[in-house]
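query19.txt follows; it contains compact mmCIF, C-alpha atoms.
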```
# COMPACT_ATOMS: atom_id res chain seq x y z
CA MET A 92 -13.13 -46.37 -30.91
CA ASP A 93 -16.32 -47.38 -29.05
CA LYS A 94 -15.80 -44.53 -26.59
CA MET A 95 -15.39 -42.10 -29.48
CA ASN A 96 -18.57 -43.44 -31.08
CA CYS A 97 -20.48 -43.03 -27.75
CA ASP A 98 -19.21 -39.45 -27.43
CA ILE A 99 -20.43 -38.66 -30.93
CA ILE A 100 -23.79 -40.37 -30.35
CA SER A 101 -24.29 -38.57 -27.01
CA ASP A 102 -23.88 -35.27 -28.85
CA LEU A 103 -26.45 -36.37 -31.43
CA VAL A 104 -29.04 -37.65 -28.93
CA PRO A 105 -30.72 -34.24 -28.24
CA SER A 106 -31.21 -33.62 -31.97
CA TYR A 107 -32.39 -37.21 -32.40
CA LEU A 108 -35.02 -36.86 -29.65
CA ASP A 109 -36.20 -33.47 -30.93
CA GLY A 110 -36.58 -34.97 -34.42
CA ILE A 111 -34.44 -32.32 -36.11
CA CYS A 112 -31.57 -34.54 -37.29
CA THR A 113 -31.19 -35.94 -40.82
CA LYS A 114 -32.50 -39.35 -41.81
CA ALA A 115 -28.94 -40.72 -42.08
CA THR A 116 -28.07 -39.45 -38.60
CA LYS A 117 -31.25 -40.99 -37.19
CA GLN A 118 -30.39 -44.36 -38.67
CA CYS A 119 -26.84 -44.15 -37.36
CA VAL A 120 -28.04 -43.36 -33.81
CA GLU A 121 -30.60 -46.16 -33.85
CA GLU A 122 -28.04 -48.69 -35.07
CA HIS A 123 -25.69 -47.68 -32.28
CA LEU A 124 -28.45 -47.89 -29.63
CA LYS A 125 -29.12 -51.52 -30.54
CA SER A 126 -25.70 -52.54 -29.23
CA CYS A 127 -24.94 -49.90 -26.55
CA ASP A 128 -26.65 -50.06 -23.15
CA LYS A 129 -24.97 -46.87 -21.93
CA CYS A 130 -26.35 -44.77 -24.78
CA ARG A 131 -29.81 -46.35 -24.43
CA GLN A 132 -29.83 -45.30 -20.76
CA LEU A 133 -28.82 -41.80 -21.85
CA VAL A 134 -31.74 -41.62 -24.30
CA THR A 135 -34.15 -42.89 -21.61
CA PHE A 136 -32.87 -40.26 -19.18
CA TYR A 137 -33.31 -37.43 -21.70
CA ARG A 138 -36.85 -38.58 -22.52
CA GLU A 139 -37.86 -38.68 -18.84
CA GLN A 140 -36.42 -35.22 -18.24
CA SER A 141 -38.26 -33.86 -21.25
CA LEU A 142 -41.59 -35.31 -20.11
CA SER A 143 -41.01 -34.09 -16.55
CA GLY A 144 -40.30 -30.57 -17.76
CA LYS A 145 -43.45 -30.52 -19.89
CA ASN A 146 -45.54 -31.81 -16.99
CA MET A 147 -44.11 -29.17 -14.63
CA GLU A 148 -44.76 -26.45 -17.18
CA GLN A 149 -48.35 -27.65 -17.69
CA LYS A 150 -48.90 -27.79 -13.94
CA GLY A 151 -47.61 -24.24 -13.65
CA VAL A 152 -49.99 -23.04 -16.37
CA ASP A 153 -52.91 -24.86 -14.76
CA GLY A 154 -52.01 -23.35 -11.38
CA LEU A 155 -51.95 -19.84 -12.80
CA LYS A 156 -55.34 -20.40 -14.44
CA LYS A 157 -56.78 -21.57 -11.13
CA ILE A 158 -55.35 -18.54 -9.29
CA LYS A 159 -56.77 -16.14 -11.90
CA SER A 160 -60.17 -17.83 -11.73
CA LEU A 161 -60.10 -17.66 -7.94
CA LEU A 162 -59.21 -13.96 -7.94
CA LYS A 163 -61.95 -13.23 -10.47
CA PHE A 164 -64.50 -15.14 -8.40
CA GLN A 165 -63.23 -13.39 -5.24
CA ARG A 166 -63.72 -9.93 -6.74
CA LEU A 167 -67.17 -10.82 -8.06
CA ALA A 168 -68.18 -12.20 -4.66
CA TYR A 169 -67.07 -9.05 -2.86
CA TYR A 170 -68.90 -6.80 -5.32
CA LEU A 171 -72.06 -8.84 -4.87
CA THR A 172 -71.60 -8.45 -1.11
CA LEU A 173 -71.33 -4.69 -1.50
CA GLY A 174 -74.46 -4.59 -3.63
CA GLY A 175 -76.38 -6.74 -1.15
CA ILE A 176 -75.43 -4.53 1.80
CA LEU A 177 -76.41 -1.36 -0.04
CA LEU A 178 -79.75 -2.83 -1.13
CA LEU A 179 -80.45 -3.85 2.46
CA ILE A 180 -79.73 -0.33 3.69
CA LEU A 181 -81.92 1.24 1.01
CA TRP A 182 -84.78 -1.13 1.84
CA MET A 183 -84.60 -0.27 5.54
CA LEU A 184 -84.63 3.43 4.76
CA LEU A 185 -87.29 3.43 2.08
CA VAL A 186 -89.78 1.55 4.25
CA LYS A 187 -88.91 4.00 7.06
CA LYS A 188 -88.35 1.37 9.74
CA PHE A 189 -85.50 0.35 12.00
CA TYR A 190 -84.10 3.89 12.09
CA TYR A 191 -82.45 3.60 15.48
CA PHE A 192 -80.99 0.19 14.68
CA THR A 193 -79.73 1.36 11.27
CA GLY A 194 -78.22 4.54 12.70
CA SER A 195 -75.79 2.58 14.86
CA VAL A 196 -75.07 -0.05 12.19
CA LEU A 197 -74.45 2.27 9.22
CA PRO A 198 -70.86 3.20 10.20
CA ILE A 199 -70.04 -0.50 10.66
CA LEU A 200 -71.52 -1.37 7.27
CA HIS A 201 -69.54 1.50 5.76
CA VAL A 202 -66.30 0.02 7.11
CA VAL A 203 -67.29 -3.47 5.90
CA CYS A 204 -67.96 -2.17 2.37
CA ILE A 205 -64.64 -0.30 2.27
CA CYS A 206 -62.75 -3.38 3.53
CA ALA A 207 -64.44 -5.57 0.92
CA THR A 208 -63.45 -3.08 -1.77
CA LEU A 209 -59.83 -3.08 -0.58
CA ILE A 210 -59.61 -6.88 -0.40
CA SER A 211 -61.09 -7.23 -3.88
CA GLY A 212 -58.38 -4.89 -5.19
CA ILE A 213 -55.52 -7.12 -3.99
CA GLY A 214 -54.01 -8.84 -7.02
CA HIS A 215 -56.28 -6.97 -9.44
CA LYS A 216 -54.47 -6.63 -12.76
CA GLY A 217 -55.78 -3.11 -13.43
CA LYS A 218 -53.60 -2.54 -16.49
CA LYS A 219 -55.06 0.93 -17.13
CA GLY A 220 -55.14 3.94 -14.87
CA PRO A 221 -58.21 6.13 -14.35
CA GLY A 222 -59.38 8.08 -17.38
CA VAL A 223 -60.71 11.62 -17.63
CA THR A 224 -64.30 10.43 -17.21
CA ASP A 225 -63.30 8.60 -14.03
CA TYR A 226 -61.93 11.80 -12.52
CA LEU A 227 -65.10 13.62 -13.61
CA SER A 228 -67.16 10.91 -11.94
CA GLY A 229 -65.14 11.40 -8.76
CA ALA A 230 -65.68 15.15 -8.95
CA VAL A 231 -69.45 14.66 -9.29
CA SER A 232 -69.49 12.29 -6.31
CA LEU A 233 -67.42 14.68 -4.20
CA GLY A 234 -69.61 17.59 -5.29
CA ILE A 235 -72.71 15.77 -4.04
CA ASP A 236 -71.04 15.17 -0.68
CA ILE A 237 -70.00 18.82 -0.32
CA TYR A 238 -73.46 20.05 -1.35
CA PHE A 239 -75.29 18.04 1.32
CA THR A 240 -72.68 18.83 3.96
CA VAL A 241 -73.16 22.57 3.37
CA ILE A 242 -76.95 22.19 3.28
CA PHE A 243 -77.16 20.31 6.58
CA PHE A 244 -74.71 22.56 8.40
CA HIS A 245 -76.77 25.55 7.25
CA LEU A 246 -79.92 23.77 8.44
CA VAL A 247 -78.38 23.20 11.88
CA SER A 248 -77.28 26.84 12.14
CA ARG A 249 -80.81 28.01 11.30
CA ILE A 250 -82.33 25.66 13.88
CA HIS A 251 -79.85 26.87 16.51
CA GLY A 252 -80.83 30.43 15.64
CA GLU A 253 -84.47 29.46 16.20
CA ALA A 254 -85.36 30.49 12.66
CA GLU A 255 -88.88 29.70 11.50
CA THR A 256 -87.93 29.11 7.87
CA VAL A 257 -85.04 27.53 5.95
CA PHE A 258 -84.64 28.26 2.23
CA GLY A 259 -88.04 29.96 2.35
CA MET A 260 -89.75 26.84 3.75
CA SER A 261 -90.96 25.98 7.22
CA LEU A 262 -89.10 23.36 9.24
CA HIS A 263 -91.94 20.90 8.62
CA GLU A 264 -91.61 21.39 4.85
CA ILE A 265 -87.81 21.20 4.65
CA GLY A 266 -87.72 17.50 5.64
CA PRO A 267 -89.66 16.12 2.64
CA PHE A 268 -87.85 18.58 0.37
CA LEU A 269 -84.42 17.35 1.45
CA GLU A 270 -85.51 13.70 1.44
CA LYS A 271 -86.36 13.92 -2.27
CA GLN A 272 -82.92 15.35 -2.97
CA ILE A 273 -81.29 12.62 -0.89
CA ILE A 274 -83.10 9.88 -2.84
CA ALA A 275 -81.98 11.50 -6.11
CA ALA A 276 -78.40 11.68 -4.79
CA ILE A 277 -78.44 7.99 -3.77
CA ILE A 278 -79.68 6.99 -7.23
CA LEU A 279 -76.97 9.10 -8.89
CA GLN A 280 -74.26 7.67 -6.63
CA GLY A 281 -75.58 4.19 -7.40
CA ILE A 282 -75.23 4.85 -11.13
CA LEU A 283 -71.66 6.05 -10.55
CA ILE A 284 -70.91 2.87 -8.58
CA VAL A 285 -72.22 0.66 -11.42
CA ARG A 286 -70.10 2.63 -13.89
CA THR A 287 -67.01 2.30 -11.70
CA LEU A 288 -67.54 -1.46 -11.26
CA ASN A 289 -67.84 -1.84 -15.04
CA ASN A 290 -64.53 -0.02 -15.51
CA ILE A 291 -62.82 -2.22 -12.91
CA LEU A 292 -64.18 -5.59 -14.07
CA HIS A 293 -64.39 -5.15 -17.84
CA ARG A 294 -62.03 -2.30 -18.76
CA GLU A 295 -59.28 -3.33 -16.32
CA ARG A 296 -58.98 0.13 -14.78
CA ALA A 297 -57.43 0.64 -11.34
CA CYS A 298 -60.38 2.58 -9.90
CA ASN A 299 -60.97 1.04 -6.47
CA TRP A 300 -60.27 4.44 -4.88
CA LEU A 301 -63.21 5.85 -6.86
CA LEU A 302 -65.42 3.02 -5.62
CA CYS A 303 -64.49 3.96 -2.03
CA LEU A 304 -65.45 7.58 -2.77
CA ASN A 305 -68.81 6.61 -4.33
CA LEU A 306 -69.68 4.27 -1.45
CA SER A 307 -68.76 6.89 1.13
CA GLY A 308 -71.00 9.41 -0.64
CA ILE A 309 -73.98 7.06 -0.31
CA PHE A 310 -73.30 6.42 3.38
CA LEU A 311 -72.95 10.15 4.05
CA VAL A 312 -76.35 11.07 2.62
CA LEU A 313 -77.95 8.02 4.25
CA ARG A 314 -76.65 9.13 7.65
CA PHE A 315 -77.82 12.70 7.01
CA ASN A 316 -81.26 11.33 6.13
CA LEU A 317 -81.36 9.32 9.36
CA TRP A 318 -80.28 12.38 11.32
CA MET A 319 -83.39 14.26 10.11
CA TYR A 320 -85.67 11.60 11.57
CA MET A 321 -83.73 11.01 14.76
CA MET A 322 -82.77 14.55 15.84
CA SER A 323 -84.24 15.57 19.16
CA GLU A 324 -82.39 18.01 21.43
CA ARG A 325 -81.42 21.30 19.84
CA GLU A 326 -78.16 21.47 21.83
CA THR A 327 -76.78 18.23 20.37
CA LEU A 328 -77.65 18.86 16.73
CA LEU A 329 -74.33 20.45 15.79
CA ARG A 330 -72.27 17.84 17.62
CA VAL A 331 -74.11 14.99 15.91
CA ILE A 332 -73.85 16.48 12.41
CA VAL A 333 -70.11 17.14 12.92
CA SER A 334 -69.64 13.57 14.16
CA ILE A 335 -71.42 12.16 11.10
CA THR A 336 -69.40 14.27 8.67
CA VAL A 337 -66.01 13.67 10.28
CA SER A 338 -66.42 9.92 10.83
CA THR A 339 -67.63 9.36 7.26
CA ALA A 340 -64.80 11.49 5.85
CA VAL A 341 -62.17 9.63 7.91
CA ILE A 342 -63.42 6.21 6.74
CA ALA A 343 -63.51 7.45 3.14
CA LEU A 344 -60.01 8.96 3.24
CA LEU A 345 -58.49 5.86 4.85
CA GLY A 346 -60.19 3.65 2.23
CA ILE A 347 -59.03 5.84 -0.67
CA ALA A 348 -55.46 5.99 0.67
CA ALA A 349 -55.33 2.22 1.20
CA SER A 350 -56.75 1.52 -2.28
CA LEU A 351 -54.13 3.79 -3.88
CA ILE A 352 -51.36 1.97 -1.98
CA ILE A 353 -52.72 -1.41 -3.13
CA ALA A 354 -52.90 -0.17 -6.74
CA TRP A 355 -49.28 1.04 -6.50
CA TYR A 356 -48.18 -2.32 -5.10
CA ASN A 357 -50.05 -4.16 -7.90
CA ARG A 358 -48.28 -2.01 -10.52
CA ARG A 359 -44.88 -2.79 -9.01
CA ALA A 360 -45.62 -6.52 -8.88
CA ARG A 361 -46.77 -6.46 -12.51
CA SER A 362 -43.62 -4.57 -13.56
CA ARG A 363 -41.39 -7.11 -11.80
CA ASN A 364 -43.20 -9.98 -13.53
CA ASP A 365 -42.81 -8.27 -16.91
CA CYS A 366 -39.08 -7.80 -16.33
CA GLU A 367 -38.65 -11.45 -15.34
CA GLU A 368 -40.48 -12.58 -18.46
CA CYS A 369 -38.24 -10.38 -20.60
CA LYS A 370 -35.16 -12.01 -19.08
```
Would you encode the structure as structure tokens?
Amino acid sequence: MDKMNCDIISDLVPSYLDGICTKATKQCVEEHLKSCDKCRQLVTFYREQSLSGKNMEQKGVDGLKKIKSLLKFQRLAYYLTLGGILLLILWMLLVKKFYYFTGSVLPILHVVCICATLISGIGHKGKKGPGVTDYLSGAVSLGIDIYFTVIFFHLVSRIHGEAETVFGMSLHEIGPFLEKQIIAAIILQGILIVRTLNNILHRERACNWLLCLNLSGIFLVLRFNLWMYMMSERETLLRVIVSITVSTAVIALLGIAASLIIAWYNRRARSRNDCEECK
């Protein structure tokens, strides 16, 4: 009879601990616990398991919060790094010093900026894909790059042909004319970068590929601007301009491809997590 009572009480213990049993059942369980060590041990065990589960769950939630905060801080830190590098480059160019030093460092800084962009995209939630305005922004950025590439290749061909004028201006006048356009292009690309960063950080758009394109556009015009001040021998002009264009394009394409792969991987990881939560 005692064993039967213990079996009944053991079935009632979960409801008793959750507080969902009737008042009569509660009194019955408590009366039985006063005289049964085995059932008291069972109640103690259930209570410890319940507290342990809650603690583990809370630790898991706290851990996720810390990871999210770390990723947010990581992305912000990388974007600040990108901004600092770009401001440094602009300062060196606007004061018109350190041209030879900057010319050799610019490709390295370009790679550093692209790598920082890629690393900041790892784990980015990016719930939304690029919108129509994002694609238009990319088209504007690409259009600027194509425009200056055509302009500078035409300039080189005219210099090789020993022409005295380019676009109706002398060679001495074309430099300041192009420099003004380059400054305007850098400002426009900077605005596009700020817009892209806002979409990534605040609108949760997966647009790191667009950031790579915008950054590459700035580095391309910066290197073209340096080329104007550093060009010397007529025979090497074409080789140098081709080298600048190709190297910048390769870095940009690799960065865009890598950012698209990272975005695809992030989408797959998010889909797997959603499926696990549904189960």
Ranking A:Asn305, A:Ser101, A:Gln132, A:Thr224 by minimum distance to Ala340 of chain A and counting all atoms listed in the file, which one comes first?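 Among the listed residues, A:Asn305 lies closest to Ala340 of chain A.
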Show me as a ChimeraX atom specification the residues that reach within 12 Å of (-70.5, 20.0, 1.2), counting all atoms listed in the file and using the file's own coordinates. /A:231-245,308,311-312,315,336-337,340
For C-alpha atoms, I'd like the residues from the last selection saved as a PDB file, in the frame of the given file.
```pdb
ATOM      1  CA  VAL A 231     -69.450  14.660  -9.290  1.00  0.00           C
ATOM      2  CA  SER A 232     -69.490  12.290  -6.310  1.00  0.00           C
ATOM      3  CA  LEU A 233     -67.420  14.680  -4.200  1.00  0.00           C
ATOM      4  CA  GLY A 234     -69.610  17.590  -5.290  1.00  0.00           C
ATOM      5  CA  ILE A 235     -72.710  15.770  -4.040  1.00  0.00           C
ATOM      6  CA  ASP A 236     -71.040  15.170  -0.680  1.00  0.00           C
ATOM      7  CA  ILE A 237     -70.000  18.820  -0.320  1.00  0.00           C
ATOM      8  CA  TYR A 238     -73.460  20.050  -1.350  1.00  0.00           C
ATOM      9  CA  PHE A 239     -75.290  18.040   1.320  1.00  0.00           C
ATOM     10  CA  THR A 240     -72.680  18.830   3.960  1.00  0.00           C
ATOM     11  CA  VAL A 241     -73.160  22.570   3.370  1.00  0.00           C
ATOM     12  CA  ILE A 242     -76.950  22.190   3.280  1.00  0.00           C
ATOM     13  CA  PHE A 243     -77.160  20.310   6.580  1.00  0.00           C
ATOM     14  CA  PHE A 244     -74.710  22.560   8.400  1.00  0.00           C
ATOM     15  CA  HIS A 245     -76.770  25.550   7.250  1.00  0.00           C
ATOM     16  CA  GLY A 308     -71.000   9.410  -0.640  1.00  0.00           C
ATOM     17  CA  LEU A 311     -72.950  10.150   4.050  1.00  0.00           C
ATOM     18  CA  VAL A 312     -76.350  11.070   2.620  1.00  0.00           C
ATOM     19  CA  PHE A 315     -77.820  12.700   7.010  1.00  0.00           C
ATOM     20  CA  THR A 336     -69.400  14.270   8.670  1.00  0.00           C
ATOM     21  CA  VAL A 337     -66.010  13.670  10.280  1.00  0.00           C
ATOM     22  CA  ALA A 340     -64.800  11.490   5.850  1.00  0.00           C
TER      23      ALA A 340
END
```
Leu351 of chain A environment, 9 Å, all atoms listed in the file, sequence neighbours closer than 4 positions dropped, as a count of residues only: 8
Contact residues around Thr116 of chain A with all atoms listed in the file at 12 Å, ignoring same-chain residues under 5 positions, as number ranges by chain: A: 99-100, 102-108, 110-111, 121-123
note - atom CA of Leu328 of chain A and atom CA of Gln272 of chain A are separated by 20.7 Å
With all atoms listed in the file as the atoms that count, which of A:Leu283, A:Met319, A:Ser228, A:Leu133 lies nearest to Ile265 of chain A?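 Checking each of A:Leu283, A:Met319, A:Ser228, A:Leu133 against Ile265 of chain A, counting all atoms listed in the file, the winner is A:Met319.
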Selected residue of minimal separation from Ser307 of chain A among A:Thr113, A:Thr208, A:Ser126, A:Asn357, counting only C-alpha atoms: A:Thr208
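Take atom CA of Tyr226 of chain A and atom CA of Leu302 of chain A: the distance between them is 11.7 Å.
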Pull the closest atom pair for each residue of segment 301-326 of chain A that gets at most 12 Å from segment 266-270 of chain A, along with the distance in Å to one decimal, counting only C-alpha atoms, ordering rows by chain and then ascending residue number, as CSV.
```
residue,atom,partner,partner_atom,distance
A:Val312,CA,A:Glu270,CA,9.6
A:Leu313,CA,A:Glu270,CA,9.9
A:Arg314,CA,A:Glu270,CA,11.7
A:Phe315,CA,A:Glu270,CA,9.5
A:Asn316,CA,A:Glu270,CA,6.8
A:Leu317,CA,A:Glu270,CA,10.0
A:Trp318,CA,A:Gly266,CA,10.7
A:Met319,CA,A:Gly266,CA,7.0
A:Tyr320,CA,A:Gly266,CA,8.6
A:Met321,CA,A:Gly266,CA,11.9
A:Met322,CA,A:Gly266,CA,11.7
```
Please produce a file of those selected residues containing C-alpha atoms, as a PDB file, in the frame of the given file.
```pdb
ATOM      1  CA  VAL A 312     -76.350  11.070   2.620  1.00  0.00           C
ATOM      2  CA  LEU A 313     -77.950   8.020   4.250  1.00  0.00           C
ATOM      3  CA  ARG A 314     -76.650   9.130   7.650  1.00  0.00           C
ATOM      4  CA  PHE A 315     -77.820  12.700   7.010  1.00  0.00           C
ATOM      5  CA  ASN A 316     -81.260  11.330   6.130  1.00  0.00           C
ATOM      6  CA  LEU A 317     -81.360   9.320   9.360  1.00  0.00           C
ATOM      7  CA  TRP A 318     -80.280  12.380  11.320  1.00  0.00           C
ATOM      8  CA  MET A 319     -83.390  14.260  10.110  1.00  0.00           C
ATOM      9  CA  TYR A 320     -85.670  11.600  11.570  1.00  0.00           C
ATOM     10  CA  MET A 321     -83.730  11.010  14.760  1.00  0.00           C
ATOM     11  CA  MET A 322     -82.770  14.550  15.840  1.00  0.00           C
TER      12      MET A 322
END
```
Between atom CA of Gln280 of chain A and atom CA of Leu306 of chain A, what distance in Å does the model show, to one decimal?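 Between atom CA of Gln280 of chain A and atom CA of Leu306 of chain A the gap is 7.7 Å.
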With a distance cut-off of 10 Å and all atoms listed in the file, select the neighbouring residues of Cys303 of chain A, excluding the residue or stretch itself and same-chain residues fewer than 5 positions from it, and output the selection as a ChimeraX atom specification. /A:201,204-209,284,298,308,342-350
Go ahead and write the residues just picked, C-alpha atoms, as a PDB file, keeping the file's coordinate frame.
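Contents of selection_37.pdb, freshly written:
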```pdb
ATOM      1  CA  HIS A 201     -69.540   1.500   5.760  1.00  0.00           C
ATOM      2  CA  CYS A 204     -67.960  -2.170   2.370  1.00  0.00           C
ATOM      3  CA  ILE A 205     -64.640  -0.300   2.270  1.00  0.00           C
ATOM      4  CA  CYS A 206     -62.750  -3.380   3.530  1.00  0.00           C
ATOM      5  CA  ALA A 207     -64.440  -5.570   0.920  1.00  0.00           C
ATOM      6  CA  THR A 208     -63.450  -3.080  -1.770  1.00  0.00           C
ATOM      7  CA  LEU A 209     -59.830  -3.080  -0.580  1.00  0.00           C
ATOM      8  CA  ILE A 284     -70.910   2.870  -8.580  1.00  0.00           C
ATOM      9  CA  CYS A 298     -60.380   2.580  -9.900  1.00  0.00           C
ATOM     10  CA  GLY A 308     -71.000   9.410  -0.640  1.00  0.00           C
ATOM     11  CA  ILE A 342     -63.420   6.210   6.740  1.00  0.00           C
ATOM     12  CA  ALA A 343     -63.510   7.450   3.140  1.00  0.00           C
ATOM     13  CA  LEU A 344     -60.010   8.960   3.240  1.00  0.00           C
ATOM     14  CA  LEU A 345     -58.490   5.860   4.850  1.00  0.00           C
ATOM     15  CA  GLY A 346     -60.190   3.650   2.230  1.00  0.00           C
ATOM     16  CA  ILE A 347     -59.030   5.840  -0.670  1.00  0.00           C
ATOM     17  CA  ALA A 348     -55.460   5.990   0.670  1.00  0.00           C
ATOM     18  CA  ALA A 349     -55.330   2.220   1.200  1.00  0.00           C
ATOM     19  CA  SER A 350     -56.750   1.520  -2.280  1.00  0.00           C
TER      20      SER A 350
END
```
Exercise on segment 236-253 of chain A, axis-aligned box with 4 Å per side, report centre and edge lengths in Å to one decimal, as lines of an AutoDock Vina configuration file:
```
center_x = -77.2
center_y = 22.8
center_z = 7.6
size_x = 22.5
size_y = 23.3
size_z = 25.9
```
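Here the question is which of A:Ser195, A:Ile309, A:Ile332, A:Ile250 gets nearest to Ile277 of chain A using only C-alpha atoms, and that residue is A:Ile309.
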Would you pick out the contacts of Arg249 of chain A at 12 Å or less, using all atoms listed in the file, so that residues sharing its chain but fewer than 3 positions from it are not included, and give the list as an NGL selection string? :A and (242-246 or 252-262 or 265 or 325 or 328-329)
If you keep C-alpha atoms, can you produce a file of those selected residues as a PDB file, keeping the file's coordinate frame?
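The resulting file, again_29.pdb, is shown below:
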```pdb
ATOM      1  CA  ILE A 242     -76.950  22.190   3.280  1.00  0.00           C
ATOM      2  CA  PHE A 243     -77.160  20.310   6.580  1.00  0.00           C
ATOM      3  CA  PHE A 244     -74.710  22.560   8.400  1.00  0.00           C
ATOM      4  CA  HIS A 245     -76.770  25.550   7.250  1.00  0.00           C
ATOM      5  CA  LEU A 246     -79.920  23.770   8.440  1.00  0.00           C
ATOM      6  CA  GLY A 252     -80.830  30.430  15.640  1.00  0.00           C
ATOM      7  CA  GLU A 253     -84.470  29.460  16.200  1.00  0.00           C
ATOM      8  CA  ALA A 254     -85.360  30.490  12.660  1.00  0.00           C
ATOM      9  CA  GLU A 255     -88.880  29.700  11.500  1.00  0.00           C
ATOM     10  CA  THR A 256     -87.930  29.110   7.870  1.00  0.00           C
ATOM     11  CA  VAL A 257     -85.040  27.530   5.950  1.00  0.00           C
ATOM     12  CA  PHE A 258     -84.640  28.260   2.230  1.00  0.00           C
ATOM     13  CA  GLY A 259     -88.040  29.960   2.350  1.00  0.00           C
ATOM     14  CA  MET A 260     -89.750  26.840   3.750  1.00  0.00           C
ATOM     15  CA  SER A 261     -90.960  25.980   7.220  1.00  0.00           C
ATOM     16  CA  LEU A 262     -89.100  23.360   9.240  1.00  0.00           C
ATOM     17  CA  ILE A 265     -87.810  21.200   4.650  1.00  0.00           C
ATOM     18  CA  ARG A 325     -81.420  21.300  19.840  1.00  0.00           C
ATOM     19  CA  LEU A 328     -77.650  18.860  16.730  1.00  0.00           C
ATOM     20  CA  LEU A 329     -74.330  20.450  15.790  1.00  0.00           C
TER      21      LEU A 329
END
```
Of A:Gly222, A:Ala275, A:Asn290, A:Gly174, the one sitting nearest Leu200 of chain A when using only C-alpha atoms is A:Gly174
Pick the closest to Gly220 of chain A from A:Val247, A:Ile335, A:Ala360, A:Ala354: which is it, counting all atoms listed in the file?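 Closest to Gly220 of chain A of all the choices is A:Ala354.
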